[in-house]
file target02.cif (mmCIF, C-alpha atoms)
data_model
loop_
_atom_site.label_atom_id
_atom_site.label_comp_id
_atom_site.auth_asym_id
_atom_site.auth_seq_id
_atom_site.Cartn_x
_atom_site.Cartn_y
_atom_site.Cartn_z
CA LEU N 15 -17.09 -5.11 -7.69
CA PRO N 16 -20.85 -5.55 -7.86
CA GLU N 17 -22.96 -2.66 -9.11
CA ALA N 18 -23.84 -1.54 -5.58
CA GLY N 19 -20.18 -1.65 -4.58
CA GLN N 20 -19.14 0.39 -7.61
CA ARG N 21 -21.78 3.00 -6.82
CA ASN N 22 -20.62 3.14 -3.20
CA ALA N 23 -16.99 3.54 -4.29
CA ARG N 24 -17.89 6.43 -6.65
CA MET N 25 -19.86 8.18 -3.90
CA ASN N 26 -16.93 7.64 -1.53
CA ALA N 27 -14.53 9.66 -3.73
CA ILE N 28 -13.42 12.85 -1.94
CA PRO N 29 -11.79 15.51 -4.15
CA VAL N 30 -8.64 17.19 -2.86
CA ALA N 31 -9.18 20.96 -2.54
CA ASP N 32 -6.73 23.84 -3.14
CA GLU N 33 -3.98 21.60 -4.44
CA ASP N 34 -0.99 23.52 -5.81
CA SER N 35 1.29 22.51 -8.64
CA ASP N 36 3.33 19.87 -6.82
CA ASP N 37 5.25 17.10 -8.50
CA LEU N 38 2.63 14.52 -7.48
CA PRO N 39 -0.65 16.33 -6.87
CA LEU N 40 -3.55 14.31 -5.54
CA VAL N 41 -6.84 14.42 -7.37
CA ARG N 42 -9.09 12.47 -4.99
CA VAL N 43 -9.01 10.07 -2.08
CA ARG N 44 -11.24 7.16 -1.13
CA CYS N 45 -11.77 5.84 2.40
CA TYR N 46 -11.70 2.10 3.04
CA ALA N 47 -11.87 -0.34 5.94
CA ARG N 48 -10.64 -3.91 6.04
CA ARG N 49 -13.10 -6.71 5.42
CA ALA N 50 -13.39 -9.58 7.85
CA LEU N 51 -11.44 -12.60 6.66
CA HIS N 52 -14.54 -14.64 5.87
CA TRP N 53 -16.02 -11.75 3.81
CA ARG N 54 -12.96 -11.13 1.66
CA LEU N 55 -13.54 -11.84 -2.03
CA ASP N 56 -10.17 -13.57 -2.32
CA VAL N 57 -11.00 -16.00 0.51
CA ALA N 58 -14.71 -16.91 0.78
CA PRO N 59 -15.48 -17.75 -2.91
CA LEU N 60 -12.27 -19.74 -3.27
CA CYS N 61 -12.90 -21.69 -0.07
CA ALA N 62 -16.36 -22.60 -1.40
CA ALA N 63 -14.82 -23.66 -4.73
CA TYR N 64 -12.21 -25.82 -2.97
CA ALA N 65 -14.95 -27.44 -0.87
CA ALA N 66 -17.01 -28.15 -4.00
CA ALA N 67 -13.99 -29.68 -5.77
CA PHE N 68 -13.17 -31.86 -2.75
CA GLY N 69 -16.80 -32.95 -2.43
CA ALA N 70 -16.97 -33.86 -6.11
CA TYR N 71 -13.75 -35.87 -5.80
CA ALA N 72 -14.79 -37.71 -2.61
CA LEU N 73 -18.54 -38.15 -2.98
CA ARG N 74 -19.18 -38.20 -6.72
CA PRO N 75 -16.95 -40.78 -8.44
CA GLU N 76 -18.36 -39.84 -11.85
CA LEU N 77 -17.05 -36.28 -11.35
CA GLU N 78 -13.56 -37.38 -10.31
CA GLU N 79 -12.02 -36.48 -13.66
CA VAL N 80 -13.60 -33.02 -13.57
CA ALA N 81 -12.27 -32.46 -10.05
CA VAL N 82 -8.77 -33.65 -10.96
CA VAL N 83 -8.62 -31.27 -13.93
CA GLY N 84 -10.43 -28.39 -12.25
CA THR N 85 -8.43 -28.32 -9.01
CA PRO N 86 -5.11 -27.26 -10.65
CA CYS N 87 -7.00 -24.60 -12.60
CA LEU N 88 -8.56 -23.41 -9.34
CA VAL N 89 -5.14 -23.27 -7.65
CA LEU N 90 -3.75 -21.29 -10.60
CA ALA N 91 -6.67 -18.84 -10.45
CA HIS N 92 -6.12 -18.46 -6.69
CA LEU N 93 -2.42 -17.74 -7.28
CA LEU N 94 -3.18 -15.15 -9.96
CA LEU N 95 -5.71 -13.42 -7.71
CA PHE N 96 -3.20 -13.40 -4.85
CA LEU N 97 -0.58 -11.81 -7.09
CA ALA N 98 -3.08 -9.33 -8.50
CA THR N 99 -3.68 -7.95 -5.00
CA HIS N 100 0.05 -7.15 -4.85
CA TRP N 101 0.27 -5.76 -8.38
CA SER N 102 -2.84 -3.57 -8.34
CA VAL N 103 -4.14 -1.36 -5.53
CA ARG N 104 -7.59 -1.30 -7.13
CA VAL N 105 -7.83 -5.10 -7.10
CA ARG N 106 -6.77 -5.12 -3.46
CA CYS N 107 -9.41 -2.54 -2.58
CA ALA N 108 -12.07 -4.52 -4.42
CA THR N 109 -11.25 -7.86 -2.78
CA GLN N 110 -9.91 -7.08 0.70
CA LEU N 111 -11.46 -3.69 1.58
CA TYR N 112 -14.83 -1.98 1.46
CA ALA N 113 -15.72 1.70 1.02
CA CYS N 114 -16.91 3.52 4.12
CA PRO N 115 -17.08 7.04 5.63
CA PRO N 116 -13.90 8.55 7.12
CA ALA N 117 -15.16 7.95 10.68
CA ARG N 118 -15.01 4.16 10.16
CA ALA N 119 -12.07 4.02 7.74
CA SER N 120 -8.57 2.81 8.52
CA LEU N 121 -7.01 3.26 5.07
CA VAL N 122 -7.11 5.89 2.34
CA CYS N 123 -6.56 5.21 -1.36
CA ALA N 124 -4.72 8.31 -2.63
CA GLU N 125 -5.18 8.80 -6.38
CA PRO N 126 -2.65 11.18 -8.00
CA ALA N 127 -3.14 12.97 -11.31
CA SER N 128 -0.50 10.70 -12.85
CA GLY N 129 0.79 7.41 -11.58
CA ALA N 130 -0.62 4.50 -9.64
CA PRO N 131 -2.82 4.98 -6.55
CA ARG N 132 -1.42 4.20 -3.13
CA LEU N 133 -2.90 3.01 0.15
CA CYS N 134 -2.05 5.18 3.17
CA PRO N 135 -2.99 4.62 6.83
CA LEU N 136 -5.65 7.02 8.10
CA GLU N 137 -5.07 8.45 11.59
CA ARG N 138 -7.20 10.59 13.89
CA GLU N 139 -6.17 14.08 14.98
CA ALA N 140 -5.58 14.26 18.72
CA ALA N 141 -6.94 17.80 19.05
CA ALA N 142 -10.05 17.27 16.88
CA PRO N 143 -11.89 13.92 17.16
CA ASP N 144 -13.78 14.53 13.89
CA ALA N 145 -10.64 15.34 11.89
CA PHE N 146 -8.35 12.76 10.30
CA PHE N 147 -5.07 12.89 8.45
CA PHE N 148 -2.79 10.75 6.30
CA THR N 149 0.71 11.17 4.90
CA TYR N 150 1.41 10.91 1.19
CA HIS N 151 4.96 11.42 -0.11
CA LYS N 152 6.05 13.16 3.11
CA ARG N 153 3.08 15.57 2.85
CA LYS N 154 0.32 15.63 5.42
CA TYR N 155 -3.29 15.82 4.22
CA LEU N 156 -6.23 16.71 6.44
CA LEU N 157 -9.47 14.83 5.98
CA GLY N 158 -12.61 16.19 7.57
CA ALA N 159 -15.64 13.99 8.16
CA ALA N 160 -19.12 15.00 7.06
CA GLY N 161 -20.81 17.43 9.41
CA LYS N 162 -24.12 17.02 11.19
CA GLY N 163 -25.86 18.96 8.43
CA GLY N 164 -25.07 16.20 5.96
CA GLY N 165 -22.24 17.93 4.10
CA SER N 166 -19.70 15.94 2.17
CA PRO N 167 -16.23 15.21 3.61
CA SER N 168 -13.35 17.45 2.59
CA CYS N 169 -9.67 16.85 1.99
CA ARG N 170 -6.85 19.39 1.73
CA LYS N 171 -3.11 19.52 2.19
CA LEU N 172 -1.84 20.93 5.47
CA ARG N 173 -0.53 24.48 4.91
CA MET N 174 2.10 26.20 6.94
CA PRO N 175 0.90 29.43 8.64
CA SER N 176 2.62 31.73 6.13
CA SER N 177 -0.28 34.00 5.13
CA GLU N 178 -0.44 36.16 8.27
CA PRO N 179 0.56 39.88 8.13
CA LEU N 180 4.17 40.79 8.84
CA SER N 181 3.26 42.32 12.20
CA HIS N 182 2.01 38.93 13.39
CA TYR N 183 5.43 37.35 12.89
CA ALA N 184 7.31 40.37 14.25
CA GLU N 185 5.33 40.20 17.51
CA CYS N 186 5.39 36.43 17.79
CA ALA N 187 7.05 35.16 20.97
CA GLY N 188 7.25 31.52 19.92
CA LEU N 189 5.96 28.46 21.72
CA GLN N 190 5.93 29.28 25.41
CA THR N 191 4.87 25.97 27.00
CA PRO N 192 5.79 22.32 26.47
CA ALA N 193 2.13 21.60 25.68
CA ALA N 194 2.24 24.13 22.82
CA VAL N 195 5.42 22.51 21.51
CA GLU N 196 3.83 19.05 21.56
CA ALA N 197 0.66 20.35 19.89
CA ALA N 198 2.71 21.96 17.09
CA ARG N 199 4.77 18.79 16.65
CA ALA N 200 1.63 16.66 16.49
CA ARG N 201 0.09 18.91 13.83
CA TYR N 202 3.09 19.75 11.64
CA GLY N 203 5.52 16.96 12.49
CA SER N 204 9.23 17.19 13.18
CA ASN N 205 11.42 19.39 11.02
CA ASP N 206 13.44 16.58 9.46
CA PHE N 207 13.54 14.53 6.30
CA SER N 208 14.63 10.95 6.81
CA ILE N 209 14.92 8.15 4.27
CA PRO N 210 13.43 5.02 5.89
CA ARG N 211 15.49 1.86 5.49
CA PRO N 212 13.24 -0.98 4.32
CA ALA N 213 13.61 -4.40 5.87
CA PHE N 214 15.23 -7.23 3.91
CA SER N 215 12.08 -9.36 4.16
CA GLU N 216 9.94 -6.50 2.81
CA LEU N 217 12.15 -6.11 -0.27
CA LEU N 218 12.30 -9.88 -0.73
CA GLN N 219 8.50 -10.04 -0.83
CA GLU N 220 8.43 -7.19 -3.35
CA HIS N 221 10.92 -8.98 -5.61
CA ALA N 222 9.23 -12.37 -5.21
CA THR N 223 5.87 -11.01 -6.37
CA ALA N 224 7.28 -9.10 -9.35
CA PRO N 225 5.68 -10.25 -12.64
CA PHE N 226 8.99 -11.25 -14.29
CA PHE N 227 10.11 -13.28 -11.27
CA VAL N 228 6.73 -15.06 -11.19
CA PHE N 229 7.15 -15.86 -14.89
CA GLN N 230 10.58 -17.33 -14.17
CA MET N 231 9.14 -19.46 -11.36
CA LEU N 232 6.47 -20.81 -13.71
CA CYS N 233 9.17 -21.71 -16.21
CA VAL N 234 11.06 -23.56 -13.48
CA LEU N 235 7.86 -25.45 -12.61
CA LEU N 236 7.40 -26.47 -16.25
CA TRP N 237 10.95 -27.77 -16.39
CA CYS N 238 10.23 -29.84 -13.27
CA LEU N 239 7.19 -31.39 -14.95
CA ASP N 240 9.42 -32.45 -17.85
CA ASP N 241 11.79 -34.44 -15.58
CA TYR N 242 14.49 -31.77 -15.69
CA TRP N 243 14.30 -31.26 -11.93
CA TYR N 244 18.07 -30.97 -11.38
CA TYR N 245 18.29 -28.14 -13.92
CA SER N 246 15.20 -26.51 -12.41
CA VAL N 247 16.55 -26.64 -8.84
CA PHE N 248 19.85 -25.12 -9.96
CA THR N 249 18.01 -22.35 -11.83
CA LEU N 250 15.80 -21.69 -8.80
CA LEU N 251 18.82 -21.36 -6.50
CA MET N 252 20.56 -19.02 -8.92
CA LEU N 253 17.45 -16.84 -9.22
CA LEU N 254 17.09 -16.59 -5.45
CA LEU N 255 20.79 -15.76 -5.09
CA PHE N 256 20.51 -13.07 -7.77
CA GLU N 257 17.46 -11.48 -6.13
CA CYS N 258 19.22 -11.46 -2.74
CA THR N 259 22.24 -9.69 -4.24
CA VAL N 260 19.97 -7.08 -5.84
CA ILE N 261 18.24 -6.50 -2.49
CA LYS N 262 21.58 -6.09 -0.70
CA SER N 263 22.63 -3.59 -3.36
CA ARG N 264 19.43 -1.59 -2.83
CA LEU N 265 19.97 -1.53 0.93
CA ARG N 266 23.56 -0.41 0.45
CA ASN N 267 22.38 2.46 -1.79
CA VAL N 268 19.87 3.56 0.86
CA ASP N 269 22.61 3.57 3.49
CA GLU N 270 24.86 5.66 1.24
CA LEU N 271 22.08 8.19 0.65
CA SER N 272 21.48 8.44 4.38
CA GLU N 273 25.16 9.18 4.98
CA LEU N 274 25.01 12.09 2.50
CA ALA N 275 22.45 13.94 4.63
CA THR N 276 23.65 17.17 6.22
CA PRO N 277 23.92 16.75 10.00
CA ALA N 278 21.61 18.88 12.11
CA SER N 279 23.02 22.09 13.59
CA ALA N 280 21.77 24.42 16.31
CA VAL N 281 20.23 27.76 15.29
CA LEU N 282 19.94 30.75 17.61
CA ALA N 283 16.77 32.84 17.29
CA ARG N 284 16.00 36.18 18.95
CA ARG N 285 12.46 36.60 20.26
CA GLY N 286 10.80 39.90 21.18
#
call {"tool": "encode", "arguments": {"input": "target02.cif", "output": "structure tokens"}}
result
Amino acid sequence: LPEAGQRNARMNAIPVADEDSDDLPLVRVRCYARRALHWRLDVAPLCAAYAAAFGAYALRPELEEVAVVGTPCLVLAHLLLFLATHWSVRVRCATQLYACPPARASLVCAEPASGAPRLCPLEREAAAPDAFFFTYHKRKYLLGAAGKGGGSPSCRKLRMPSSEPLSHYAECAGLQTPAAVEAARARYGSNDFSIPRPAFSELLQEHATAPFFVFQMLCVLLWCLDDYWYYSVFTLLMLLLFECTVIKSRLRNVDELSELATPASAVLARRG
């Protein structure tokens, strides 16, 4: 990031208030929006470099050797940058996103006290246009935009209404109208815990961009350059077959975990 971008990213950090001792507590969040394709740092500079290399090869015969040597290096740098956006959230934020206020943001970079940061979609509350929320590890966090007085945005985890006096719960008659039920569901979500089943293509992309698999692919490419293409093709097919079997095993484990869930049962509650 340039110096101005780094300063904007530091100012964009929103601390998470009243966080309890959870397993993965959040320390701060940062709001981002997607850059236009022609403004992305992994597209525009590389397109200009490719154009310069092609121009040197076509229009400047004396620079043909430089272009022939520099183009593979440019392709390798492009590949490494593409993989870095999958390996590191910070690199992806620096190249494909830009820091902005919550009102214009579409993504939130959630930074835990330990572990890698994670990008989460930022959504708008239906009941409050100036309030936003995102979900991190099945927990809903509320993000408030800066007020008209110029205050800084705030972020806190959604709390269940468990601090009222006992008389409040004893006299509670429940949700009386369908609108109240929908409003409560929109704010707190459904009372279930489901394990989402990832798609095969999503897991295949994750495995294909893993650092060790990329290293194996580079080794296969080197073998091809040394005229051992038959050995390289066989190794490539075996690697792809192995990764597909690992993905099928992961999907089977997810299905088995889903089958272990306790089925829902009806509960009778007395009101009033």
call {"tool": "atom_distance", "arguments": {"input": "target02.cif", "atom1": "CA of Gly158 (chain N)", "atom2": "CA of Asp144 (chain N)"}}
result
6.6 Å
call {"tool": "residues_around", "arguments": {"input": "target02.cif", "residues": "Val41 (chain N)", "least_positions_apart": "5", "cutoff": "10 Å", "atoms": "all atoms listed in the file", "output": "PyMOL selection string"}}
result
chain N and resi 27-31+33+124-128
call {"tool": "resolve_selection", "arguments": {"input": "target02.cif", "expression": "the PyMOL selection byres ((chain N and resi 95) around 12)", "output": "list in words"}}
result
Leu55, Asp56, Val57, Pro59, Leu60, Leu88, Val89, Leu90, Ala91, His92, Leu93, Leu94, Phe96, Leu97, Ala98, Thr99, His100, Trp101, Ser102, Val105, Arg106, Ala108, Thr109, Gln110 and Thr223 of chain N
call {"tool": "closest_residue", "arguments": {"input": "target02.cif", "among": "N:Ser177, N:Ser166, N:Ser263, N:Asn26", "to": "Phe214 (chain N)", "atoms": "only C-alpha atoms"}}
result
N:Ser263
call {"tool": "resolve_selection", "arguments": {"input": "target02.cif", "expression": "the PyMOL selection byres ((chain N and resi 232-239) around 12)", "output": "list in words"}}
result
Leu90, Leu93, Leu94, Pro225, Phe226, Phe227, Val228, Phe229, Gln230, Met231, Asp240, Asp241, Tyr242, Trp243, Tyr244, Tyr245, Ser246, Val247, Phe248, Thr249, Leu250, Leu251, Met252 and Leu253 of chain N
call {"tool": "closest_residue", "arguments": {"input": "target02.cif", "among": "N:Ser279, N:Val122, N:Ala67, N:Ala81", "to": "Asp206 (chain N)", "atoms": "all atoms listed in the file"}}
result
N:Ser279
call {"tool": "closest_residue", "arguments": {"input": "target02.cif", "among": "N:Ala62, N:Pro131, N:Val83, N:Ala140", "to": "Glu196 (chain N)", "atoms": "only C-alpha atoms"}}
result
N:Ala140
call {"tool": "atom_distance", "arguments": {"input": "target02.cif", "atom1": "CA of Arg49 (chain N)", "atom2": "CA of Pro167 (chain N)"}}
result
22.2 Å
call {"tool": "atom_distance", "arguments": {"input": "target02.cif", "atom1": "CA of Ala222 (chain N)", "atom2": "CA of Glu270 (chain N)"}}
result
24.7 Å
call {"tool": "resolve_selection", "arguments": {"input": "target02.cif", "expression": "the PyMOL selection byres ((chain N and resi 139) around 12)", "output": "list in words"}}
result
Ala117, Leu136, Glu137, Arg138, Ala140, Ala141, Ala142, Pro143, Asp144, Ala145, Phe146, Phe147, Phe148, Lys154, Tyr155, Leu156, Leu157, Gly158, Ala159, Ala197, Ala200, Arg201 and Tyr202 of chain N
call {"tool": "closest_residue", "arguments": {"input": "target02.cif", "among": "N:Asn205, N:Thr85, N:Thr149, N:Gln190", "to": "Lys171 (chain N)", "atoms": "only C-alpha atoms"}}
result
N:Thr149
call {"tool": "closest_residue", "arguments": {"input": "target02.cif", "among": "N:Leu77, N:Leu172, N:Ala280, N:Cys134", "to": "Arg153 (chain N)", "atoms": "all atoms listed in the file"}}
result
N:Leu172
call {"tool": "residues_around", "arguments": {"input": "target02.cif", "residues": "Phe68 (chain N)", "least_positions_apart": "3", "cutoff": "12 Å", "atoms": "all atoms listed in the file", "output": "PyMOL selection string"}}
result
chain N and resi 61-65+71-75+77-82+84-85+88
